[in-house]
$ cat protein-v1.cif   # mmCIF, C-alpha atoms
data_structure
loop_
_atom_site.group_PDB
_atom_site.id
_atom_site.type_symbol
_atom_site.label_atom_id
_atom_site.label_comp_id
_atom_site.auth_asym_id
_atom_site.auth_seq_id
_atom_site.Cartn_x
_atom_site.Cartn_y
_atom_site.Cartn_z
ATOM 1 C CA MET V 875 0.000 0.000 0.000
ATOM 2 C CA LEU V 876 1.237 3.499 -0.825
ATOM 3 C CA THR V 877 1.937 6.008 1.894
ATOM 4 C CA LEU V 878 0.781 9.546 1.160
ATOM 5 C CA ASN V 879 2.616 12.498 2.717
ATOM 6 C CA LYS V 880 1.719 16.140 2.256
ATOM 7 C CA TYR V 881 4.405 18.786 2.790
ATOM 8 C CA GLU V 882 3.664 22.468 3.320
ATOM 9 C CA GLU V 883 7.068 23.628 2.099
ATOM 10 C CA PHE V 884 6.618 27.034 0.519
ATOM 11 C CA THR V 885 4.988 29.066 3.215
ATOM 12 C CA THR V 886 5.179 32.850 3.229
ATOM 13 C CA PRO V 887 6.573 34.490 6.374
ATOM 14 C CA ILE V 888 4.832 37.562 7.747
ATOM 15 C CA TRP V 889 6.131 39.198 10.920
ATOM 16 C CA HIS V 890 3.777 41.130 13.224
ATOM 17 C CA LEU V 891 5.338 43.204 15.997
ATOM 18 C CA GLU V 892 3.211 44.910 18.632
ATOM 19 C CA ASP V 893 3.746 47.707 21.127
ATOM 20 C CA THR V 894 6.113 50.092 19.365
ATOM 21 C CA PRO V 895 7.160 52.689 21.964
ATOM 22 C CA GLN V 896 4.610 55.501 22.280
ATOM 23 C CA TRP V 897 7.254 58.245 21.924
ATOM 24 C CA LEU V 898 8.226 56.843 18.509
ATOM 25 C CA VAL V 899 4.641 56.563 17.255
ATOM 26 C CA ASP V 900 3.893 60.129 18.407
ATOM 27 C CA PHE V 901 7.098 61.518 16.877
ATOM 28 C CA LEU V 902 6.556 59.826 13.499
ATOM 29 C CA TYR V 903 2.881 60.838 13.435
ATOM 30 C CA LYS V 904 3.928 64.501 13.741
ATOM 31 C CA GLU V 905 6.638 63.962 11.125
ATOM 32 C CA ALA V 906 4.059 62.591 8.665
ATOM 33 C CA TYR V 907 2.059 65.818 8.878
ATOM 34 C CA ARG V 908 5.230 67.908 8.717
ATOM 35 C CA PHE V 909 6.050 66.161 5.443
ATOM 36 C CA LYS V 910 2.518 66.782 4.197
ATOM 37 C CA GLU V 911 2.858 70.504 4.939
ATOM 38 C CA ASN V 912 6.282 70.804 3.297
ATOM 39 C CA CYS V 913 6.420 68.221 0.499
ATOM 40 C CA GLN V 914 4.172 67.615 -2.457
ATOM 41 C CA SER V 915 2.444 64.229 -2.596
ATOM 42 C CA ASP V 916 4.328 61.604 -4.563
ATOM 43 C CA ASN V 917 1.411 59.275 -5.257
ATOM 44 C CA ARG V 918 2.791 55.966 -6.419
ATOM 45 C CA SER V 919 0.054 53.624 -5.188
ATOM 46 C CA ASN V 920 -2.037 56.063 -3.151
ATOM 47 C CA LYS V 921 -5.424 57.152 -4.529
ATOM 48 C CA GLY V 922 -6.963 60.238 -2.986
ATOM 49 C CA GLY V 923 -4.615 60.552 -0.031
ATOM 50 C CA TYR V 924 -1.102 61.787 0.627
ATOM 51 C CA GLN V 925 2.079 59.795 -0.020
ATOM 52 C CA SER V 926 5.315 61.563 0.879
ATOM 53 C CA PRO V 927 8.358 61.449 -1.345
ATOM 54 C CA PRO V 928 10.684 58.647 -0.237
ATOM 55 C CA PHE V 929 13.517 59.599 2.072
ATOM 56 C CA ILE V 930 16.727 57.666 2.536
ATOM 57 C CA TRP V 931 18.001 56.186 5.775
ATOM 58 C CA GLU V 932 20.641 58.859 6.206
ATOM 59 C CA GLU V 933 17.833 61.491 6.286
ATOM 60 C CA PHE V 934 15.862 59.663 8.974
ATOM 61 C CA ALA V 935 15.706 61.360 12.392
ATOM 62 C CA ILE V 936 18.408 60.131 14.790
ATOM 63 C CA GLU V 937 16.331 58.579 17.592
ATOM 64 C CA PRO V 938 13.889 56.697 15.316
ATOM 65 C CA LYS V 939 16.814 55.524 13.195
ATOM 66 C CA LYS V 940 18.553 54.208 16.312
ATOM 67 C CA TYR V 941 15.363 52.374 17.343
ATOM 68 C CA PHE V 942 14.919 50.771 13.916
ATOM 69 C CA ASN V 943 18.608 49.822 13.688
ATOM 70 C CA GLU V 944 18.286 47.905 16.965
ATOM 71 C CA LEU V 945 14.915 46.398 16.048
ATOM 72 C CA LEU V 946 15.819 45.319 12.530
ATOM 73 C CA GLY V 947 19.185 43.999 13.678
ATOM 74 C CA SER V 948 17.462 41.783 16.258
ATOM 75 C CA ILE V 949 14.848 40.071 14.055
ATOM 76 C CA PRO V 950 16.002 36.695 12.700
ATOM 77 C CA PHE V 951 14.622 37.017 9.162
ATOM 78 C CA SER V 952 16.707 34.010 8.147
ATOM 79 C CA GLN V 953 19.796 32.166 9.340
ATOM 80 C CA SER V 954 22.077 33.674 6.721
ATOM 81 C CA THR V 955 20.812 37.216 6.045
ATOM 82 C CA LYS V 956 20.284 40.490 7.829
ATOM 83 C CA VAL V 957 18.791 43.838 6.907
ATOM 84 C CA GLN V 958 21.191 46.157 5.078
ATOM 85 C CA LEU V 959 21.318 49.216 7.379
ATOM 86 C CA GLU V 960 24.106 51.206 5.729
ATOM 87 C CA GLY V 961 25.198 52.171 2.256
ATOM 88 C CA GLU V 962 23.497 52.100 -1.109
ATOM 89 C CA LYS V 963 20.907 49.477 -0.155
ATOM 90 C CA SER V 964 19.967 50.923 3.239
ATOM 91 C CA PRO V 965 16.240 51.284 3.977
ATOM 92 C CA TYR V 966 14.172 54.074 2.536
ATOM 93 C CA SER V 967 10.837 55.249 3.882
ATOM 94 C CA TRP V 968 7.766 57.333 3.174
ATOM 95 C CA TYR V 969 4.552 58.339 4.909
ATOM 96 C CA ASN V 970 0.996 57.557 3.838
ATOM 97 C CA ILE V 971 -1.923 59.666 5.050
ATOM 98 C CA ASN V 972 -5.277 58.373 3.865
ATOM 99 C CA SER V 973 -8.292 60.527 4.591
ATOM 100 C CA LYS V 974 -11.825 59.152 4.301
ATOM 101 C CA GLY V 975 -12.269 57.347 0.978
ATOM 102 C CA SER V 976 -8.522 57.195 0.177
ATOM 103 C CA TRP V 977 -6.856 53.865 -0.610
ATOM 104 C CA ASN V 978 -3.805 52.186 -2.167
ATOM 105 C CA THR V 979 -3.909 50.157 -5.385
ATOM 106 C CA VAL V 980 -2.601 46.614 -5.710
ATOM 107 C CA HIS V 981 1.182 46.826 -5.789
ATOM 108 C CA THR V 982 4.497 45.284 -4.760
ATOM 109 C CA HIS V 983 7.774 46.870 -3.680
ATOM 110 C CA PRO V 984 10.246 46.107 -6.488
ATOM 111 C CA VAL V 985 13.995 45.987 -5.883
ATOM 112 C CA SER V 986 13.374 45.309 -2.173
ATOM 113 C CA SER V 987 13.478 42.186 -0.052
ATOM 114 C CA LEU V 988 10.935 43.155 2.601
ATOM 115 C CA ALA V 989 8.205 45.751 3.081
ATOM 116 C CA LEU V 990 7.633 47.206 6.557
ATOM 117 C CA ILE V 991 4.599 49.199 7.705
ATOM 118 C CA LEU V 992 4.341 50.923 11.097
ATOM 119 C CA TYR V 993 0.795 52.040 11.868
ATOM 120 C CA LEU V 994 0.723 55.508 13.435
ATOM 121 C CA THR V 995 -3.068 55.420 13.815
ATOM 122 C CA ASP V 996 -5.544 52.605 14.305
ATOM 123 C CA THR V 997 -6.548 50.645 11.241
ATOM 124 C CA ASN V 998 -9.648 48.627 10.499
ATOM 125 C CA ASN V 999 -8.085 45.645 8.709
ATOM 126 C CA GLU V 1000 -7.693 47.678 5.524
ATOM 127 C CA LEU V 1001 -4.332 46.151 4.515
ATOM 128 C CA SER V 1002 -4.904 43.093 2.315
ATOM 129 C CA ILE V 1003 -2.072 40.781 1.314
ATOM 130 C CA LEU V 1004 -2.789 38.530 -1.653
ATOM 131 C CA ASN V 1005 -2.046 34.818 -1.456
ATOM 132 C CA PRO V 1006 0.846 34.357 -3.921
ATOM 133 C CA ASN V 1007 -0.308 30.842 -4.822
ATOM 134 C CA TYR V 1008 -4.010 31.474 -5.177
ATOM 135 C CA HIS V 1009 -4.142 32.096 -8.917
ATOM 136 C CA THR V 1010 -2.642 28.700 -9.773
ATOM 137 C CA ARG V 1011 -3.535 26.559 -6.771
ATOM 138 C CA TYR V 1012 -6.973 27.689 -5.645
ATOM 139 C CA PHE V 1013 -8.372 24.267 -6.500
ATOM 140 C CA LEU V 1014 -6.001 22.475 -4.078
ATOM 141 C CA ASP V 1015 -7.469 23.967 -0.935
ATOM 142 C CA SER V 1016 -10.075 26.410 0.218
ATOM 143 C CA GLU V 1017 -7.715 29.114 1.478
ATOM 144 C CA SER V 1018 -8.715 32.689 0.899
ATOM 145 C CA HIS V 1019 -7.101 34.617 -1.910
ATOM 146 C CA TYR V 1020 -6.036 37.322 0.566
ATOM 147 C CA ILE V 1021 -5.618 38.031 4.255
ATOM 148 C CA SER V 1022 -6.370 41.249 6.133
ATOM 149 C CA PRO V 1023 -4.363 41.122 9.358
ATOM 150 C CA THR V 1024 -5.765 42.742 12.467
ATOM 151 C CA LEU V 1025 -3.404 45.637 13.174
ATOM 152 C CA LYS V 1026 -3.606 48.626 15.489
ATOM 153 C CA ARG V 1027 -1.736 51.838 16.263
ATOM 154 C CA GLY V 1028 1.889 51.017 17.079
ATOM 155 C CA ASP V 1029 1.875 47.659 15.264
ATOM 156 C CA ILE V 1030 4.511 46.822 12.678
ATOM 157 C CA ILE V 1031 4.012 44.305 9.909
ATOM 158 C CA ILE V 1032 6.873 43.051 7.741
ATOM 159 C CA PHE V 1033 6.404 40.834 4.707
ATOM 160 C CA PRO V 1034 8.221 39.825 1.511
ATOM 161 C CA ALA V 1035 8.232 42.845 -0.803
ATOM 162 C CA ASP V 1036 7.121 40.820 -3.821
ATOM 163 C CA LEU V 1037 3.755 39.975 -2.227
ATOM 164 C CA MET V 1038 0.970 41.806 -4.005
ATOM 165 C CA HIS V 1039 -1.014 43.874 -1.529
ATOM 166 C CA PHE V 1040 -3.458 46.758 -1.390
ATOM 167 C CA VAL V 1041 -5.185 48.981 1.141
ATOM 168 C CA LYS V 1042 -8.963 49.206 1.176
ATOM 169 C CA PRO V 1043 -10.613 52.648 1.268
ATOM 170 C CA ASN V 1044 -10.516 54.380 4.637
ATOM 171 C CA GLU V 1045 -14.114 54.426 5.879
ATOM 172 C CA SER V 1046 -13.311 56.445 9.000
ATOM 173 C CA ASN V 1047 -13.585 60.214 9.336
ATOM 174 C CA LYS V 1048 -10.094 60.107 10.901
ATOM 175 C CA ASP V 1049 -6.953 59.966 8.772
ATOM 176 C CA ARG V 1050 -5.176 56.616 8.561
ATOM 177 C CA VAL V 1051 -1.435 57.299 8.906
ATOM 178 C CA CYS V 1052 1.516 54.950 8.552
ATOM 179 C CA LEU V 1053 5.231 54.872 7.896
ATOM 180 C CA SER V 1054 6.263 52.492 5.115
ATOM 181 C CA MET V 1055 9.774 51.225 4.592
ATOM 182 C CA ASN V 1056 11.574 49.123 1.985
ATOM 183 C CA LEU V 1057 14.284 46.823 3.316
ATOM 184 C CA GLN V 1058 17.069 44.902 1.595
ATOM 185 C CA LEU V 1059 18.493 41.681 2.982
ATOM 186 C CA CYS V 1060 22.164 40.930 2.536
#
$ encode --input "protein-v1.cif" --output "structure tokens"
Amino acid sequence: MLTLNKYEEFTTPIWHLEDTPQWLVDFLYKEAYRFKENCQSDNRSNKGGYQSPPFIWEEFAIEPKKYFNELLGSIPFSQSTKVQLEGEKSPYSWYNINSKGSWNTVHTHPVSSLALILYLTDTNNELSILNPNYHTRYFLDSESHYISPTLKRGDIIIFPADLMHFVKPNESNKDRVCLSMNLQLC
């Protein structure tokens, strides 16, 4: 008689970190609005809201940069890689401010290893990450074609940058604000 084994080998890692220090969330929230006042929107995936121009790691404020250096240096993304924190492939960031009705189209983060989002306000499960296998393997199981993680103010989510994702329209009267970051592994 044959023995049947099923292996779940190609899973997709998604990291969810909670409880970012309040001082950092407050500081970055104010910075997002400072950018909005001083810099024109650079809408790449944002529809109706504000998306700041990207800024490089060297331009990041000192205390937040120190926090992220420690955080990103401590997460075991894999046994043989770490986040590139200096030089040409160091992280770059931008702010998103979505007012009521604003959203982000389906997109990826090309030329990056990981995408990071730090929520500076509460969210109502608007981020949706598409299942990378759904289009060819939907008939093998009944998994959803996307997930919408439950995230709140101060939460960080990190996922492979090639995962297609989008942000549903903000239905709240309050702005939805986040810091996004592209990371390279080396």
$ resolve_selection --input "protein-v1.cif" --expression "the PyMOL selection byres ((chain V and resi 979-990) around 8)" --output "number ranges by chain"
V: 919-921, 977-978, 991-992, 1030-1041, 1054-1059
$ residues_around --input "protein-v1.cif" --residues "segment 969-975 of chain V" --least-positions-apart "2" --cutoff "12 Å" --atoms "only C-alpha atoms" --output "PyMOL selection string"
chain V and resi 902-911+913-929+966-967+977-978+990-997+1000+1041-1056
$ closest_residue --input "protein-v1.cif" --among "V:Trp931, V:Leu959, V:Tyr881, V:Phe901" --to "Glu944 of chain V" --atoms "only C-alpha atoms"
V:Leu959
$ resolve_selection --input "protein-v1.cif" --expression "the PyMOL selection byres ((chain V and resi 943) around 12)" --output "list of chain:residue names"
V:Trp931, V:Glu932, V:Phe934, V:Ala935, V:Ile936, V:Glu937, V:Pro938, V:Lys939, V:Lys940, V:Tyr941, V:Phe942, V:Glu944, V:Leu945, V:Leu946, V:Gly947, V:Ser948, V:Ile949, V:Lys956, V:Val957, V:Gln958, V:Leu959, V:Glu960, V:Ser964, V:Pro965, V:Leu1057
$ atom_distance --input "protein-v1.cif" --atom1 "atom CA of Ile930 of chain V" --atom2 "atom CA of Val899 of chain V"
19.1 Å
$ resolve_selection --input "protein-v1.cif" --expression "the PyMOL selection byres ((chain V and resi 1021) around 8)" --output "PyMOL selection string"
chain V and resi 1002-1005+1018-1020+1022-1023
$ atom_distance --input "protein-v1.cif" --atom1 "atom CA of Pro887 of chain V" --atom2 "atom CA of Pro950 of chain V"
11.6 Å
$ atom_distance --input "protein-v1.cif" --atom1 "atom CA of Phe951 of chain V" --atom2 "atom CA of Trp968 of chain V"
22.3 Å
$ closest_residue --input "protein-v1.cif" --among "V:Asn1007, V:Asn998, V:Thr955, V:Trp897" --to "Leu1025 of chain V" --atoms "all atoms listed in the file"
V:Asn998
$ axis_aligned_box --input "protein-v1.cif" --around "segment 943-960 of chain V" --padding-each-side "4 Å" --output "lines of an AutoDock Vina configuration file"
center_x = 19.4
center_y = 41.7
center_z = 11.0
size_x = 17.5
size_y = 27.0
size_z = 19.9
